$ cat data.tsv   # TSV, C-alpha atoms
chain	number	residue	atom	x	y	z
R	1	MET	CA	18.54	-23.13	-23.36
R	2	SER	CA	20.37	-19.83	-22.83
R	3	ARG	CA	18.20	-16.89	-21.80
R	4	ARG	CA	18.81	-13.19	-22.48
R	5	LEU	CA	18.46	-11.36	-19.15
R	6	THR	CA	18.81	-7.63	-18.59
R	7	ILE	CA	19.17	-6.23	-15.06
R	8	THR	CA	18.61	-2.54	-14.25
R	9	VAL	CA	19.81	-0.96	-10.99
R	10	PRO	CA	20.77	2.63	-10.09
R	11	SER	CA	24.47	1.91	-9.48
R	12	LEU	CA	26.99	-0.67	-8.31
R	13	SER	CA	28.16	1.55	-5.45
R	14	PHE	CA	27.88	0.10	-1.92
R	15	GLY	CA	24.40	-1.00	-0.78
R	16	GLY	CA	22.45	-4.25	-0.47
R	17	ALA	CA	20.50	-3.92	-3.73
R	18	GLU	CA	23.70	-3.26	-5.65
R	19	GLY	CA	25.30	-6.35	-4.13
R	20	VAL	CA	22.27	-8.46	-5.00
R	21	ALA	CA	22.25	-7.18	-8.59
R	22	THR	CA	25.92	-8.12	-8.91
R	23	MET	CA	25.32	-11.58	-7.43
R	24	MET	CA	22.41	-12.18	-9.83
R	25	ALA	CA	24.30	-11.04	-12.91
R	26	ASN	CA	27.39	-13.09	-12.09
R	27	HIS	CA	25.37	-16.20	-11.24
R	28	TRP	CA	23.28	-16.19	-14.41
R	29	ALA	CA	26.30	-15.44	-16.57
R	30	HIS	CA	28.13	-18.35	-14.90
R	31	VAL	CA	25.33	-20.83	-15.73
R	32	GLY	CA	25.35	-19.79	-19.39
R	33	ASP	CA	22.73	-17.06	-19.73
R	34	SER	CA	23.44	-13.93	-21.77
R	35	VAL	CA	23.37	-11.17	-19.13
R	36	THR	CA	23.37	-7.39	-19.50
R	37	LEU	CA	23.48	-5.06	-16.49
R	38	ILE	CA	22.52	-1.39	-16.86
R	39	THR	CA	23.16	1.31	-14.25
R	40	LEU	CA	22.06	4.93	-14.28
R	41	ASP	CA	25.33	5.92	-12.61
R	42	SER	CA	28.74	5.84	-14.24
R	43	ALA	CA	31.15	2.96	-13.69
R	44	LYS	CA	33.46	5.31	-11.73
R	45	THR	CA	31.34	4.78	-8.59
R	46	ASP	CA	31.46	0.95	-8.73
R	47	THR	CA	32.47	-0.95	-5.60
R	48	PHE	CA	31.11	-4.33	-6.79
R	49	THR	CA	32.83	-6.34	-9.52
R	50	LEU	CA	30.98	-7.96	-12.41
R	51	SER	CA	32.11	-11.08	-14.24
R	52	GLU	CA	33.79	-10.35	-17.57
R	53	SER	CA	31.00	-12.27	-19.29
R	54	VAL	CA	28.37	-9.73	-18.16
R	55	GLN	CA	27.68	-6.96	-20.69
R	56	ARG	CA	27.70	-3.66	-18.79
R	57	TYR	CA	26.15	-0.32	-19.74
R	58	ALA	CA	26.82	2.57	-17.33
R	59	LEU	CA	24.65	5.46	-18.51
R	60	GLY	CA	26.12	8.26	-16.36
R	61	VAL	CA	22.76	10.03	-15.94
R	62	MET	CA	22.55	10.22	-12.13
R	63	GLN	CA	23.09	13.99	-11.85
R	64	ASP	CA	21.06	15.81	-9.16
R	65	SER	CA	18.15	18.08	-10.14
R	66	LYS	CA	18.02	21.61	-8.73
R	67	HIS	CA	14.33	22.21	-9.48
R	68	LEU	CA	11.20	20.48	-10.79
R	69	ILE	CA	11.67	21.36	-14.47
R	70	GLN	CA	15.22	20.00	-14.39
R	71	ALA	CA	14.02	16.86	-12.58
R	72	VAL	CA	11.43	16.22	-15.32
R	73	PHE	CA	14.06	16.75	-18.02
R	74	ASN	CA	16.60	14.48	-16.27
R	75	ASN	CA	14.09	11.67	-15.77
R	76	ARG	CA	12.88	11.86	-19.38
R	77	LEU	CA	16.53	11.52	-20.40
R	78	ARG	CA	16.95	8.51	-18.10
R	79	VAL	CA	13.86	6.81	-19.50
R	80	ARG	CA	14.99	7.43	-23.09
R	81	ARG	CA	18.53	6.14	-22.46
R	82	LEU	CA	17.18	3.12	-20.58
R	83	ARG	CA	14.83	2.28	-23.47
R	84	GLU	CA	17.72	2.52	-25.95
R	85	MET	CA	20.07	0.32	-23.93
R	86	VAL	CA	17.50	-2.28	-22.96
R	87	THR	CA	16.34	-2.50	-26.56
R	88	GLU	CA	19.95	-2.99	-27.67
R	89	SER	CA	20.32	-5.89	-25.20
R	90	ARG	CA	17.34	-7.72	-26.82
R	91	PRO	CA	16.10	-9.21	-23.52
R	92	ASP	CA	13.81	-12.15	-22.97
R	93	VAL	CA	13.15	-10.65	-19.51
R	94	VAL	CA	14.10	-7.40	-17.76
R	95	ILE	CA	14.73	-7.46	-14.00
R	96	SER	CA	14.69	-4.13	-12.15
R	97	LEU	CA	15.78	-3.52	-8.55
R	98	THR	CA	14.75	-0.64	-6.22
R	99	ASP	CA	11.67	1.58	-6.20
R	100	ARG	CA	12.53	4.54	-8.46
R	101	MET	CA	14.51	2.31	-10.83
R	102	ASN	CA	11.42	0.11	-11.13
R	103	VAL	CA	9.31	3.12	-12.13
R	104	LEU	CA	11.84	4.30	-14.71
R	105	THR	CA	12.26	0.80	-16.17
R	106	LEU	CA	8.50	0.32	-16.51
R	107	LEU	CA	8.18	3.73	-18.16
R	108	ALA	CA	10.96	2.73	-20.56
R	109	ALA	CA	9.13	-0.52	-21.33
R	110	ARG	CA	5.80	1.16	-22.07
R	111	LYS	CA	6.12	0.98	-25.87
R	112	ALA	CA	8.16	-2.22	-25.89
R	113	ASN	CA	7.21	-5.85	-25.44
R	114	TRP	CA	9.77	-6.92	-22.83
R	115	PRO	CA	8.34	-8.69	-19.78
R	116	VAL	CA	9.53	-6.82	-16.67
R	117	LEU	CA	10.04	-8.27	-13.20
R	118	ILE	CA	10.47	-5.58	-10.53
R	119	SER	CA	11.89	-5.97	-7.03
R	120	GLU	CA	11.36	-3.77	-3.98
R	121	ARG	CA	14.45	-3.81	-1.77
R	122	SER	CA	13.24	-1.71	1.18
R	123	ASP	CA	10.07	-1.39	3.24
R	124	PRO	CA	7.74	1.16	1.57
R	125	ARG	CA	5.80	1.55	4.82
R	126	HIS	CA	8.84	3.35	6.26
R	127	HIS	CA	10.90	4.38	3.24
R	128	PRO	CA	9.36	7.51	1.68
R	129	ILE	CA	10.11	8.22	-1.99
R	130	GLY	CA	8.16	11.46	-2.36
R	131	ARG	CA	4.61	12.22	-3.49
R	132	LEU	CA	5.33	12.24	-7.23
R	133	TRP	CA	7.33	8.99	-7.19
R	134	SER	CA	4.64	7.34	-5.03
R	135	PHE	CA	2.03	8.39	-7.60
R	136	LEU	CA	4.15	7.01	-10.44
R	137	ARG	CA	4.73	3.78	-8.54
R	138	LYS	CA	0.97	3.20	-8.25
R	139	ARG	CA	0.51	3.93	-11.95
R	140	THR	CA	3.40	1.82	-13.25
R	141	TYR	CA	3.82	-1.19	-10.92
R	142	PRO	CA	0.65	-2.97	-12.14
R	143	ARG	CA	2.29	-3.16	-15.60
R	144	ALA	CA	4.99	-5.51	-14.28
R	145	ILE	CA	4.70	-9.26	-14.83
R	146	LYS	CA	5.61	-9.77	-11.17
R	147	LEU	CA	6.58	-7.65	-8.17
R	148	ILE	CA	9.11	-9.44	-5.97
R	149	VAL	CA	9.26	-8.40	-2.33
R	150	GLN	CA	11.29	-9.81	0.53
R	151	THR	CA	8.72	-10.21	3.31
R	152	GLN	CA	5.02	-10.97	3.75
R	153	GLY	CA	4.48	-7.61	5.48
R	154	VAL	CA	5.64	-5.69	2.42
R	155	ALA	CA	3.51	-7.97	0.22
R	156	GLU	CA	0.42	-6.99	2.22
R	157	PHE	CA	1.21	-3.30	1.66
R	158	PHE	CA	1.15	-3.75	-2.13
R	159	LYS	CA	-1.93	-5.98	-2.15
R	160	SER	CA	-4.06	-2.91	-1.42
R	161	TRP	CA	-3.57	-1.73	-5.03
R	162	MET	CA	-2.03	-4.65	-6.94
R	163	ARG	CA	-3.37	-8.10	-7.76
R	164	PRO	CA	-2.17	-10.60	-5.10
R	165	LEU	CA	-1.14	-13.11	-7.79
R	166	GLN	CA	1.19	-10.46	-9.20
R	167	ILE	CA	3.21	-10.36	-5.96
R	168	GLU	CA	5.88	-12.90	-5.02
R	169	VAL	CA	7.85	-13.12	-1.76
R	170	ILE	CA	11.52	-14.12	-2.17
R	171	PRO	CA	13.74	-13.49	0.88
R	172	ASN	CA	17.37	-12.58	0.27
R	173	ALA	CA	19.96	-15.33	0.22
R	174	VAL	CA	23.12	-15.27	2.30
R	175	PRO	CA	25.45	-13.12	0.17
R	176	ILE	CA	28.13	-14.98	-1.78
R	177	PRO	CA	31.63	-13.85	-0.70
R	178	ARG	CA	33.33	-11.83	-3.41
R	179	SER	CA	36.64	-13.61	-2.91
R	180	ALA	CA	37.19	-17.32	-3.40
R	181	GLN	CA	39.71	-17.08	-0.55
R	182	VAL	CA	36.93	-16.61	2.04
R	183	PRO	CA	36.63	-19.91	3.97
R	184	ILE	CA	33.34	-21.59	4.89
R	185	VAL	CA	32.70	-21.26	8.63
R	186	THR	CA	32.00	-24.44	10.62
R	187	GLU	CA	31.55	-25.15	14.31
R	188	GLN	CA	35.07	-26.58	14.29
R	189	SER	CA	36.59	-23.45	12.74
R	190	LEU	CA	34.69	-21.30	15.25
R	191	ASN	CA	36.35	-23.22	18.09
R	192	SER	CA	39.78	-22.47	16.66
R	193	ARG	CA	39.26	-18.71	16.40
R	194	PRO	CA	41.29	-16.53	18.80
R	195	GLU	CA	39.42	-14.67	21.51
R	196	SER	CA	38.07	-11.29	20.47
R	197	ASN	CA	36.36	-8.33	22.12
R	198	VAL	CA	35.05	-6.71	18.94
R	199	ILE	CA	31.42	-5.80	18.24
R	200	PHE	CA	30.54	-5.16	14.60
R	201	GLY	CA	27.87	-3.16	12.84
R	202	MET	CA	27.67	-3.00	9.05
R	203	GLY	CA	25.67	-1.03	6.51
R	204	ARG	CA	25.17	2.33	4.86
R	205	LEU	CA	25.87	5.21	7.23
R	206	SER	CA	22.40	6.70	6.89
R	207	TYR	CA	19.50	7.51	9.22
R	208	GLU	CA	17.47	4.34	8.66
R	209	LYS	CA	20.41	2.10	9.62
R	210	GLY	CA	20.43	3.53	13.17
R	211	PHE	CA	24.17	3.58	13.86
R	212	ASP	CA	23.64	6.64	16.05
R	213	LEU	CA	21.55	4.38	18.32
R	214	LEU	CA	24.30	1.76	18.40
R	215	ILE	CA	26.92	4.37	19.32
R	216	ASP	CA	24.62	5.66	22.07
R	217	ALA	CA	24.18	2.14	23.45
R	218	PHE	CA	27.91	1.35	23.37
R	219	THR	CA	28.66	4.68	25.07
R	220	LEU	CA	26.69	3.47	28.11
R	221	LEU	CA	29.02	0.44	28.36
R	222	ALA	CA	32.39	1.81	27.24
R	223	ALA	CA	33.76	2.65	30.70
R	224	GLU	CA	32.63	-0.67	32.20
R	225	PHE	CA	34.11	-2.69	29.31
R	226	PRO	CA	37.30	-0.81	28.32
R	227	GLU	CA	38.70	-3.92	26.56
R	228	TRP	CA	35.75	-4.06	24.10
R	229	LYS	CA	35.66	-2.18	20.81
R	230	LEU	CA	32.87	-1.28	18.37
R	231	CYS	CA	33.73	-1.36	14.66
R	232	ILE	CA	31.23	-0.15	12.04
R	233	LEU	CA	31.76	-1.16	8.40
R	234	GLY	CA	30.25	0.96	5.65
R	235	GLU	CA	30.08	4.43	4.13
R	236	GLY	CA	27.34	6.99	3.79
R	237	PRO	CA	26.13	10.56	4.31
R	238	LEU	CA	26.22	10.46	8.14
R	239	ARG	CA	29.93	9.59	8.45
R	240	GLU	CA	30.94	13.09	9.61
R	241	SER	CA	28.16	13.45	12.18
R	242	LEU	CA	28.75	9.95	13.57
R	243	GLN	CA	32.50	10.63	13.83
R	244	ALA	CA	31.78	13.94	15.55
R	245	THR	CA	29.69	12.11	18.17
R	246	ILE	CA	32.50	9.61	18.75
R	247	ASP	CA	35.04	12.44	19.12
R	248	GLU	CA	32.83	14.45	21.49
R	249	ARG	CA	32.53	11.44	23.79
R	250	GLY	CA	36.26	10.70	23.68
R	251	LEU	CA	35.70	7.18	22.38
R	252	GLN	CA	38.08	7.26	19.41
R	253	ASN	CA	40.04	4.33	20.91
R	254	GLN	CA	36.93	2.16	21.33
R	255	ILE	CA	34.73	3.04	18.34
R	256	GLU	CA	35.96	2.92	14.74
R	257	LEU	CA	34.17	3.82	11.53
R	258	LYS	CA	36.17	1.50	9.31
R	259	GLY	CA	34.53	2.44	6.02
R	260	TRP	CA	33.87	0.24	3.01
R	261	VAL	CA	35.82	-3.04	2.91
R	262	GLU	CA	36.33	-5.32	-0.08
R	263	ASP	CA	35.87	-8.63	1.78
R	264	PRO	CA	33.65	-7.96	4.82
R	265	GLU	CA	33.55	-11.68	5.71
R	266	LEU	CA	37.25	-11.70	6.57
R	267	ILE	CA	36.78	-8.66	8.83
R	268	LEU	CA	33.65	-10.09	10.50
R	269	ASP	CA	35.61	-13.26	11.31
R	270	GLN	CA	37.65	-11.16	13.75
R	271	GLY	CA	34.64	-10.32	15.93
R	272	LYS	CA	32.35	-11.98	18.46
R	273	LEU	CA	29.17	-9.89	18.35
R	274	PHE	CA	27.13	-8.17	15.65
R	275	VAL	CA	24.38	-5.59	16.11
R	276	LEU	CA	21.77	-4.52	13.56
R	277	PRO	CA	20.34	-1.24	14.96
R	278	SER	CA	18.16	-0.34	11.96
R	279	ARG	CA	15.06	1.80	12.31
R	280	TYR	CA	13.63	-0.08	9.32
R	281	GLU	CA	14.89	-2.62	6.80
R	282	GLY	CA	14.05	-4.51	3.64
R	283	PHE	CA	15.64	-7.87	4.33
R	284	PRO	CA	19.06	-7.17	5.85
R	285	ASN	CA	21.95	-8.71	3.95
R	286	ALA	CA	24.34	-7.52	6.67
R	287	LEU	CA	22.57	-9.67	9.27
R	288	LEU	CA	22.58	-12.73	6.98
R	289	GLN	CA	26.29	-12.16	6.35
R	290	ALA	CA	27.17	-11.80	10.05
R	291	MET	CA	25.26	-14.94	11.04
R	292	SER	CA	26.89	-16.93	8.24
R	293	ARG	CA	30.28	-15.98	9.73
R	294	GLY	CA	29.34	-17.30	13.17
R	295	LEU	CA	28.74	-14.08	15.10
R	296	ALA	CA	26.28	-13.88	17.97
R	297	CYS	CA	23.76	-11.31	16.72
R	298	ILE	CA	21.45	-8.73	18.26
R	299	SER	CA	18.90	-6.89	16.13
R	300	LEU	CA	16.23	-4.31	16.73
R	301	ASP	CA	12.92	-5.96	15.88
R	302	CYS	CA	12.06	-3.39	13.22
R	303	ASP	CA	9.40	-4.06	10.60
R	304	SER	CA	10.42	-6.29	7.72
R	305	GLY	CA	13.31	-8.70	7.99
R	306	PRO	CA	15.06	-9.30	11.32
R	307	ALA	CA	12.29	-11.37	12.94
R	308	GLU	CA	12.26	-13.64	9.87
R	309	ILE	CA	16.02	-14.22	10.16
R	310	ILE	CA	16.88	-14.34	13.88
R	311	ARG	CA	15.21	-17.05	15.94
R	312	SER	CA	15.34	-15.07	19.17
R	313	GLY	CA	16.90	-17.03	22.00
R	314	ILE	CA	18.21	-19.70	19.58
R	315	ASP	CA	20.68	-17.97	17.26
R	316	GLY	CA	20.49	-14.36	18.42
R	317	LEU	CA	18.31	-11.85	20.24
R	318	LEU	CA	15.61	-9.44	19.06
R	319	ILE	CA	14.96	-6.29	21.08
R	320	PRO	CA	12.29	-3.57	20.85
R	321	PRO	CA	12.92	-1.06	18.06
R	322	GLY	CA	14.52	2.26	18.99
R	323	ASN	CA	15.24	1.27	22.61
R	324	VAL	CA	18.85	2.31	23.35
R	325	THR	CA	18.73	1.23	26.99
R	326	GLU	CA	17.50	-2.25	26.05
R	327	MET	CA	20.20	-2.46	23.38
R	328	ALA	CA	22.87	-1.59	25.94
R	329	ASN	CA	21.49	-4.11	28.46
R	330	THR	CA	21.37	-6.87	25.84
R	331	LEU	CA	24.88	-6.07	24.66
R	332	LYS	CA	26.13	-6.18	28.25
R	333	HIS	CA	24.44	-9.55	28.75
R	334	LEU	CA	26.22	-11.08	25.74
R	335	MET	CA	29.54	-9.34	26.39
R	336	SER	CA	29.50	-10.94	29.85
R	337	ASP	CA	28.36	-14.44	28.83
R	338	LYS	CA	30.85	-16.36	26.69
R	339	THR	CA	28.76	-19.56	26.78
R	340	LEU	CA	25.65	-17.85	25.39
R	341	ARG	CA	27.70	-16.12	22.69
R	342	LYS	CA	29.07	-19.51	21.62
R	343	LYS	CA	25.59	-21.07	21.51
R	344	PHE	CA	24.20	-18.28	19.33
R	345	ALA	CA	27.26	-18.31	17.06
R	346	VAL	CA	27.03	-22.05	16.33
R	347	ASN	CA	23.27	-21.97	15.73
R	348	ALA	CA	23.61	-18.88	13.53
R	349	LEU	CA	25.55	-20.90	10.95
R	350	GLU	CA	22.27	-22.65	10.00
R	351	VAL	CA	21.31	-19.42	8.19
R	352	THR	CA	23.27	-20.66	5.15
R	353	GLN	CA	20.77	-23.52	4.75
R	354	ARG	CA	17.69	-21.54	5.75
R	355	PHE	CA	18.44	-18.80	3.20
R	356	SER	CA	20.52	-20.68	0.66
R	357	VAL	CA	21.63	-19.31	-2.69
R	358	THR	CA	20.31	-22.47	-4.36
R	359	GLN	CA	16.74	-21.92	-3.08
R	360	TYR	CA	16.94	-18.23	-3.96
R	361	PHE	CA	17.85	-18.80	-7.62
R	362	GLN	CA	15.42	-21.70	-8.03
R	363	HIS	CA	12.60	-19.30	-7.10
R	364	TRP	CA	13.85	-16.54	-9.41
R	365	ASP	CA	14.44	-18.95	-12.30
R	366	GLN	CA	10.88	-20.22	-11.99
R	367	LEU	CA	9.51	-16.66	-12.33
R	368	ILE	CA	11.81	-15.86	-15.24
R	369	ASN	CA	10.89	-19.01	-17.15
R	370	GLN	CA	7.17	-18.37	-16.56
R	371	SER	CA	7.62	-14.81	-17.88
R	372	ILE	CA	9.34	-16.03	-21.02
R	373	SER	CA	6.73	-18.71	-21.72
$ encode --input "data.tsv" --output "structure tokens"
Amino acid sequence: MSRRLTITVPSLSFGGAEGVATMMANHWAHVGDSVTLITLDSAKTDTFTLSESVQRYALGVMQDSKHLIQAVFNNRLRVRRLREMVTESRPDVVISLTDRMNVLTLLAARKANWPVLISERSDPRHHPIGRLWSFLRKRTYPRAIKLIVQTQGVAEFFKSWMRPLQIEVIPNAVPIPRSAQVPIVTEQSLNSRPESNVIFGMGRLSYEKGFDLLIDAFTLLAAEFPEWKLCILGEGPLRESLQATIDERGLQNQIELKGWVEDPELILDQGKLFVLPSRYEGFPNALLQAMSRGLACISLDCDSGPAEIIRSGIDGLLIPPGNVTEMANTLKHLMSDKTLRKKFAVNALEVTQRFSVTQYFQHWDQLINQSIS
């Protein structure tokens, strides 16, 4: 029986949560559900593409607030517009992604009877949202039917003020490639790839993603390995400062900020190593994506995510968080050892079974059906 599902997310511009929202909407529309997706931002900022069978409302109410009174006014407007659009979609269940969006969606649902499932996409122990939003989160989250988090550590954080039975852990799935032209990677196809001396990083160019640490680590190796290059995929507020660092060190020929790419899988296929230098994470899609493409991966062992994905010494390496010297030493080790890179790359492909899309949607569908019944 077809279900009416409404998804709320701030935007469809870059970002892991935005990619997950798109994947969810397209999947459920494909299996025959009636799906509506609502963003606070306008459609002009979209970088992800929805299926034509998904009903889309882009509210265009993401303007910045210059002071507290304006912030209150803007958020009341967002709640009112959300309530109008969600009501119009006549949902059986509403699914909200990201912290502030969860608060706004629950406020919008206060006088309605829609069941709401909310999903935290980052680690609240490290990702501050401000005193007022934190207060509102504690007041509103208990109204949700379920809170979905990505790791047990984040679940423990919320158990201090929410009922444990209200919290569900669902790790991310390996992202579905946006293009049907992206091939599945096998051990055989890995063997046929040309040699490469490219190290990749991927994610939003923001403080928590730690690309400044990765650039620092590569700088320590650049002269010793002149044939190797570092390529960082993604956009964000730190682009100018990261580029300035690269320019100051004269590494423009070895480090490239490539920006946002439509089909990251096809770019990742051209590399041999991947580094996740994040200071903190939710459950890193970029790492899942890189492993699914057969790259030998290194990750800082930050809270929430990497240690649940990488089996250190089997399909990648975990290193102490924030340690640039250790990152450089580990990079050097893998850059110098082709056999170890190959071992990690082949074993990394198992991530597509360990975090399969099928398992992911079975878990979500179970929660949705329980909420409806």
$ closest_residue --input "data.tsv" --among "R:Leu37, R:Arg121, R:Glu227, R:Lys342" --to "Gln188 (chain R)" --atoms "all atoms listed in the file"
R:Lys342
$ closest_residue --input "data.tsv" --among "R:Arg4, R:Glu248, R:Ile167, R:Arg81" --to "Pro115 (chain R)" --atoms "all atoms listed in the file"
R:Arg4
$ closest_residue --input "data.tsv" --among "R:Phe283, R:Phe73, R:Phe355, R:Phe344" --to "Ser312 (chain R)" --atoms "all atoms listed in the file"
R:Phe344
$ closest_residue --input "data.tsv" --among "R:His363, R:Thr151, R:Arg100, R:Leu68" --to "Pro128 (chain R)" --atoms "all atoms listed in the file"
R:Arg100
$ closest_residue --input "data.tsv" --among "R:Ala58, R:Val9, R:Val154, R:Ile310" --to "Met101 (chain R)" --atoms "all atoms listed in the file"
R:Val9
$ residues_around --input "data.tsv" --residues "region 91-97 of chain R" --least-positions-apart "2" --cutoff "6 Å" --atoms "all atoms listed in the file" --output "list of chain:residue names"
R:Arg4, R:Leu5, R:Thr6, R:Ile7, R:Thr8, R:Val9, R:Ser89, R:Asn102, R:Pro115, R:Val116, R:Leu117, R:Ile118, R:Ser119
$ closest_atom_pairs --input "data.tsv" --of "region 231-301 of chain R" --to "region 205-226 of chain R" --cutoff "9 Å" --atoms "only C-alpha atoms" --output "JSON lines"
{"residue": "R:Ile232", "atom": "CA", "partner": "R:Phe211", "partner_atom": "CA", "distance": 8.2}
{"residue": "R:Leu233", "atom": "CA", "partner": "R:Leu205", "partner_atom": "CA", "distance": 8.8}
{"residue": "R:Gly234", "atom": "CA", "partner": "R:Leu205", "partner_atom": "CA", "distance": 6.3}
{"residue": "R:Glu235", "atom": "CA", "partner": "R:Leu205", "partner_atom": "CA", "distance": 5.3}
{"residue": "R:Gly236", "atom": "CA", "partner": "R:Leu205", "partner_atom": "CA", "distance": 4.1}
{"residue": "R:Pro237", "atom": "CA", "partner": "R:Ser206", "partner_atom": "CA", "distance": 6.0}
{"residue": "R:Leu238", "atom": "CA", "partner": "R:Leu205", "partner_atom": "CA", "distance": 5.3}
{"residue": "R:Arg239", "atom": "CA", "partner": "R:Leu205", "partner_atom": "CA", "distance": 6.1}
{"residue": "R:Leu242", "atom": "CA", "partner": "R:Asp212", "partner_atom": "CA", "distance": 6.6}
{"residue": "R:Thr245", "atom": "CA", "partner": "R:Ile215", "partner_atom": "CA", "distance": 8.3}
{"residue": "R:Ile246", "atom": "CA", "partner": "R:Ile215", "partner_atom": "CA", "distance": 7.7}
{"residue": "R:Arg249", "atom": "CA", "partner": "R:Thr219", "partner_atom": "CA", "distance": 7.9}
{"residue": "R:Leu251", "atom": "CA", "partner": "R:Thr219", "partner_atom": "CA", "distance": 7.9}
{"residue": "R:Gln254", "atom": "CA", "partner": "R:Ala222", "partner_atom": "CA", "distance": 7.5}
{"residue": "R:Ile255", "atom": "CA", "partner": "R:Ile215", "partner_atom": "CA", "distance": 8.0}
{"residue": "R:Val275", "atom": "CA", "partner": "R:Leu214", "partner_atom": "CA", "distance": 7.7}
{"residue": "R:Leu276", "atom": "CA", "partner": "R:Lys209", "partner_atom": "CA", "distance": 7.8}
{"residue": "R:Pro277", "atom": "CA", "partner": "R:Gly210", "partner_atom": "CA", "distance": 5.1}
{"residue": "R:Ser278", "atom": "CA", "partner": "R:Lys209", "partner_atom": "CA", "distance": 4.1}
{"residue": "R:Arg279", "atom": "CA", "partner": "R:Glu208", "partner_atom": "CA", "distance": 5.1}
{"residue": "R:Tyr280", "atom": "CA", "partner": "R:Glu208", "partner_atom": "CA", "distance": 5.9}
{"residue": "R:Glu281", "atom": "CA", "partner": "R:Glu208", "partner_atom": "CA", "distance": 7.7}
$ build_atoms --input "data.tsv" --residues "region 69-82 of chain R" --atoms "N, CA and C atoms" --output "short mmCIF file (atom, residue, chain, number, x, y, z; two decimals), keeping the file's coordinate frame"
data_model
loop_
_atom_site.label_atom_id
_atom_site.label_comp_id
_atom_site.auth_asym_id
_atom_site.auth_seq_id
_atom_site.Cartn_x
_atom_site.Cartn_y
_atom_site.Cartn_z
N ILE R 69 11.55 21.44 -13.01
CA ILE R 69 11.67 21.36 -14.47
C ILE R 69 12.91 20.54 -14.84
N GLN R 70 14.00 20.77 -14.12
CA GLN R 70 15.22 20.00 -14.39
C GLN R 70 15.02 18.53 -14.05
N ALA R 71 14.28 18.25 -12.97
CA ALA R 71 14.02 16.86 -12.58
C ALA R 71 13.23 16.13 -13.67
N VAL R 72 12.23 16.81 -14.23
CA VAL R 72 11.43 16.22 -15.32
C VAL R 72 12.32 15.94 -16.52
N PHE R 73 13.16 16.91 -16.88
CA PHE R 73 14.06 16.75 -18.02
C PHE R 73 15.02 15.59 -17.79
N ASN R 74 15.62 15.53 -16.57
CA ASN R 74 16.60 14.48 -16.27
C ASN R 74 15.96 13.09 -16.31
N ASN R 75 14.74 12.98 -15.79
CA ASN R 75 14.09 11.67 -15.77
C ASN R 75 13.61 11.24 -17.16
N ARG R 76 13.21 12.21 -17.98
CA ARG R 76 12.88 11.86 -19.38
C ARG R 76 14.13 11.35 -20.10
N LEU R 77 15.27 11.98 -19.81
CA LEU R 77 16.53 11.52 -20.40
C LEU R 77 16.85 10.11 -19.93
N ARG R 78 16.66 9.85 -18.64
CA ARG R 78 16.95 8.51 -18.10
C ARG R 78 16.06 7.45 -18.74
N VAL R 79 14.79 7.77 -18.89
CA VAL R 79 13.86 6.81 -19.50
C VAL R 79 14.26 6.54 -20.95
N ARG R 80 14.61 7.61 -21.69
CA ARG R 80 14.99 7.43 -23.09
C ARG R 80 16.26 6.59 -23.22
N ARG R 81 17.27 6.88 -22.39
CA ARG R 81 18.53 6.14 -22.46
C ARG R 81 18.32 4.68 -22.03
N LEU R 82 17.49 4.49 -21.01
CA LEU R 82 17.18 3.12 -20.58
C LEU R 82 16.52 2.33 -21.71
#
